[in-house]
Amino acid sequence: MFGSGAATAHDNAGVVPMRFVWPYGGRSVFLSFSFTGWTEHIPMSPMEGCPTVFQVICSLTPGHHQYKFFVDGQWRHDEHQRSEAIARVSEADFQVSHHRISAFLATHTAYELLPESGKVVALDVNVPVKQAFHILHEQRVPMAPLWDFLKGQFVGVLSALDFILILRELGNNGSNLTEEELETHSISAWKEGKLHLSRQMDGNGRAHPKHLVHAGPYDSLKDVALKILQNKVSTIPIIHSSSRDGSFPQLLHLASLSGILKCICRHFRHSASSLPVLQLPICRIPLGTWVPKIGESNAQPFAMLRPNASLGDALSLLVQAEVSSIPIVDDNDSLLDIYSRSDITALAKDKAYAQIHLDEISIHQALQLGQDANSPYGFYNGQRCQMCLGSDPLHKVMEQLANPGVRRLLIVEAGSKRVEGIISLSDVFNFLLG
């Protein structure tokens, strides 16, 4: 059985353009047709942003044609049928996979996440808010731990969400915070103001300051992952103190689910057969958030926006839906770009935040503000939009998410790039930990 099929072209005017897709990877992929006597191999090109998907558009004469794929020097078997066979994994196999991954995480520590060399950015609580976000943008980090010199300890974090809340506060009529005050308004003053705002929103004045979520180098990877998941944060600092009272703390690393996933992938790379669940295509397991199908009344709504939607709408959706990113799609729901919380720090560039109104600038324009003038990308940025297919096995998705800077994958339809769903790092860990 070859990776083959039949194509029927209907047209009364000579030839018909048709798209052919091979979504299963390879170094070189060719398409061969019956109407050429199987002698001609047509090269297929990888789809931008999704290098495992190859496609080509061919003009066919009207009629019924057979075709097959020549991948890396050999005719390939039908991967779709193979995925159907792999999908039959028993409940016992699920339990075995969960147990082995959980046991690995419980017996390895955060110390293994520490790189041999590197840097960690931390901010003093007395740094002005404006300067702080310039630093986040220049260092290309979405958050930074906060150091209080008087207390001699780390007291919190400043994240992209703080900048979003500040910009929304600036955009509200009657705001007590002006653009000029950002020049001198310190991080600690903003945190106090944020706490006051939380008390007002709570309605009973009982909001309490959140304590810094952190871990030690000898905490298990499982404990670190659970802290990240339970507190709904993307990163937690690894802090060590040789004193019993916790004085003179040292900031060693910023731990993320991506780093922990990389450890899992590295450990089980040569024994993947011991984890049957990793062979399953993601469309066959309860993983991620998917676009509801027609008739699914109980499905979770899926947030997407058009490029002409306002930045204010995007920020409100990020906060209200409690998501970290929103796909930007065209009228056919085909992927154009993605807007994430961390993109907000781009407005620190050239003090753009002081020159715009959130409801008057589109998402497209906001993304352009953050792009390098010499960037080779247009509206669609292949480095920003990491994609996968519903037919991809879980282990392949995990390996993609284990790459630095990748926090989610957009599930797209092969060829059209129509958005079908999204898988985040937290989705994967909630599934793996059961």
# chains A, B, ... in the order shown; residues from 1 in each chain; ligands from 1

call {"tool": "residues_around", "arguments": {"residues": "Pro393 in chain A", "least_positions_apart": "6", "cutoff": "8 Å", "atoms": "only C-alpha atoms", "output": "PyMOL selection string"}}
result
chain A and resi 278-282

call {"tool": "write_last_selection", "arguments": {"atoms": "N, CA, C and O atoms", "output": "mmCIF file, in the first residue's frame"}}
result
data_model
loop_
_atom_site.group_PDB
_atom_site.id
_atom_site.type_symbol
_atom_site.label_atom_id
_atom_site.label_comp_id
_atom_site.auth_asym_id
_atom_site.auth_seq_id
_atom_site.Cartn_x
_atom_site.Cartn_y
_atom_site.Cartn_z
ATOM 1 N N LEU A 278 2.604 8.210 23.652
ATOM 2 C CA LEU A 278 3.313 9.204 22.854
ATOM 3 C C LEU A 278 3.188 8.950 21.358
ATOM 4 O O LEU A 278 3.474 9.838 20.547
ATOM 5 N N GLN A 279 2.748 7.741 20.981
ATOM 6 C CA GLN A 279 2.592 7.418 19.571
ATOM 7 C C GLN A 279 1.237 7.849 19.022
ATOM 8 O O GLN A 279 1.010 7.816 17.812
ATOM 9 N N LEU A 280 0.331 8.257 19.901
ATOM 10 C CA LEU A 280 -1.015 8.616 19.477
ATOM 11 C C LEU A 280 -1.044 9.938 18.716
ATOM 12 O O LEU A 280 -0.362 10.887 19.104
ATOM 13 N N PRO A 281 -1.839 10.036 17.656
ATOM 14 C CA PRO A 281 -2.049 11.349 17.022
ATOM 15 C C PRO A 281 -2.843 12.236 17.959
ATOM 16 O O PRO A 281 -3.743 11.757 18.672
ATOM 17 N N ILE A 282 -2.528 13.509 17.984
ATOM 18 C CA ILE A 282 -3.135 14.402 18.978
ATOM 19 C C ILE A 282 -4.640 14.539 18.802
ATOM 20 O O ILE A 282 -5.351 14.883 19.752
#

call {"tool": "residues_around", "arguments": {"residues": "range 236-250 of chain A", "least_positions_apart": "5", "cutoff": "9 Å", "atoms": "only C-alpha atoms", "output": "PyMOL selection string"}}
result
chain A and resi 110-111+114+144-145+152-154+157+212-217+224+227-228+255-256

call {"tool": "select_by_dssp", "arguments": {"residues": "range 253-374 of chain A", "states": "helix (DSSP H, G or I)", "output": "ChimeraX atom specification"}}
result
/A:257-268,272-274,276-279,282-284,311-320,341-354,363-370

call {"tool": "residues_around", "arguments": {"residues": "Leu318 in chain A", "least_positions_apart": "3", "cutoff": "12 Å", "atoms": "only C-alpha atoms", "output": "PyMOL selection string"}}
result
chain A and resi 160-161+164-165+168+303-305+311-315+321-327+338-344

call {"tool": "atom_distance", "arguments": {"atom1": "CA of His267 in chain A", "atom2": "CA of Leu409 in chain A"}}
result
22.2 Å

call {"tool": "atom_distance", "arguments": {"atom1": "CA of Leu254 in chain A", "atom2": "CA of Gly421 in chain A"}}
result
28.4 Å

call {"tool": "select_by_dssp", "arguments": {"residues": "range 225-396 of chain A", "states": "strand (DSSP E)", "output": "PyMOL selection string"}}
result
chain A and resi 235-240+250-256+289-290+325-329+335-340+387-388

call {"tool": "residues_around", "arguments": {"residues": "Met18 in chain A", "least_positions_apart": "5", "cutoff": "8 Å", "atoms": "only C-alpha atoms", "output": "ChimeraX atom specification"}}
result
/A:9,57-60

call {"tool": "closest_residue", "arguments": {"among": "A:Pro23, A:Ser391, A:Glu48, A:Arg384", "to": "Val71 in chain A", "atoms": "only C-alpha atoms"}}
result
A:Pro23

call {"tool": "atom_distance", "arguments": {"atom1": "CA of Ser424 in chain A", "atom2": "CA of Leu257 in chain A"}}
result
9.9 Å

call {"tool": "residues_around", "arguments": {"residues": "Phe431 in chain A", "least_positions_apart": "3", "cutoff": "8 Å", "atoms": "only C-alpha atoms", "output": "list in words"}}
result
Pro286, Leu287, Asp427, Val428 and Gly434 of chain A

call {"tool": "write_last_selection", "arguments": {"atoms": "N, CA, C and O atoms", "output": "PDB file, in the first residue's frame"}}
result
ATOM      1  N   PRO A 286      -7.549  13.600  24.492  1.00  0.00           N
ATOM      2  CA  PRO A 286      -8.102  14.853  25.043  1.00  0.00           C
ATOM      3  C   PRO A 286      -6.990  15.848  25.367  1.00  0.00           C
ATOM      4  O   PRO A 286      -6.517  15.938  26.493  1.00  0.00           O
ATOM      5  N   LEU A 287      -6.574  16.592  24.371  1.00  0.00           N
ATOM      6  CA  LEU A 287      -5.425  17.483  24.521  1.00  0.00           C
ATOM      7  C   LEU A 287      -5.690  18.785  23.782  1.00  0.00           C
ATOM      8  O   LEU A 287      -6.087  18.776  22.616  1.00  0.00           O
ATOM      9  N   ASP A 427      -1.323  22.457  28.560  1.00  0.00           N
ATOM     10  CA  ASP A 427      -2.208  21.383  28.098  1.00  0.00           C
ATOM     11  C   ASP A 427      -1.479  20.039  28.133  1.00  0.00           C
ATOM     12  O   ASP A 427      -2.022  19.028  28.601  1.00  0.00           O
ATOM     13  N   VAL A 428      -0.244  20.023  27.619  1.00  0.00           N
ATOM     14  CA  VAL A 428       0.534  18.788  27.565  1.00  0.00           C
ATOM     15  C   VAL A 428       0.801  18.252  28.969  1.00  0.00           C
ATOM     16  O   VAL A 428       0.640  17.044  29.238  1.00  0.00           O
ATOM     17  N   GLY A 434      -1.973  13.588  34.242  1.00  0.00           N
ATOM     18  CA  GLY A 434      -3.264  12.931  34.476  1.00  0.00           C
ATOM     19  C   GLY A 434      -4.129  13.593  35.523  1.00  0.00           C
ATOM     20  O   GLY A 434      -4.927  12.933  36.179  1.00  0.00           O
TER      21      GLY A 434
END

call {"tool": "closest_residue", "arguments": {"among": "A:Cys385, A:Leu347, A:Ile101, A:Val319", "to": "Ala272 in chain A", "atoms": "only C-alpha atoms"}}
result
A:Ile101

call {"tool": "closest_atom_pairs", "arguments": {"of": "range 223-274 of chain A", "to": "range 116-121 of chain A", "cutoff": "8 Å", "atoms": "only C-alpha atoms", "output": "Markdown table"}}
result
| residue | atom | partner | partner_atom | distance |
| --- | --- | --- | --- | --- |
| A:Leu251 | CA | A:Val120 | CA | 7.6 |
| A:Leu252 | CA | A:Val120 | CA | 7.5 |
| A:His253 | CA | A:Val120 | CA | 6.3 |
| A:Leu254 | CA | A:Val120 | CA | 7.2 |

call {"tool": "closest_residue", "arguments": {"among": "A:Ala346, A:Lys262, A:Phe302, A:Glu138", "to": "Leu317 in chain A", "atoms": "only C-alpha atoms"}}
result
A:Phe302

call {"tool": "closest_residue", "arguments": {"among": "A:Arg306, A:Gly415, A:Gln320, A:Ala225", "to": "Pro46 in chain A", "atoms": "only C-alpha atoms"}}
result
A:Gly415

call {"tool": "closest_residue", "arguments": {"among": "A:Ser28, A:Ser310, A:Ser102, A:Gln386", "to": "Glu360 in chain A", "atoms": "only C-alpha atoms"}}
result
A:Ser310
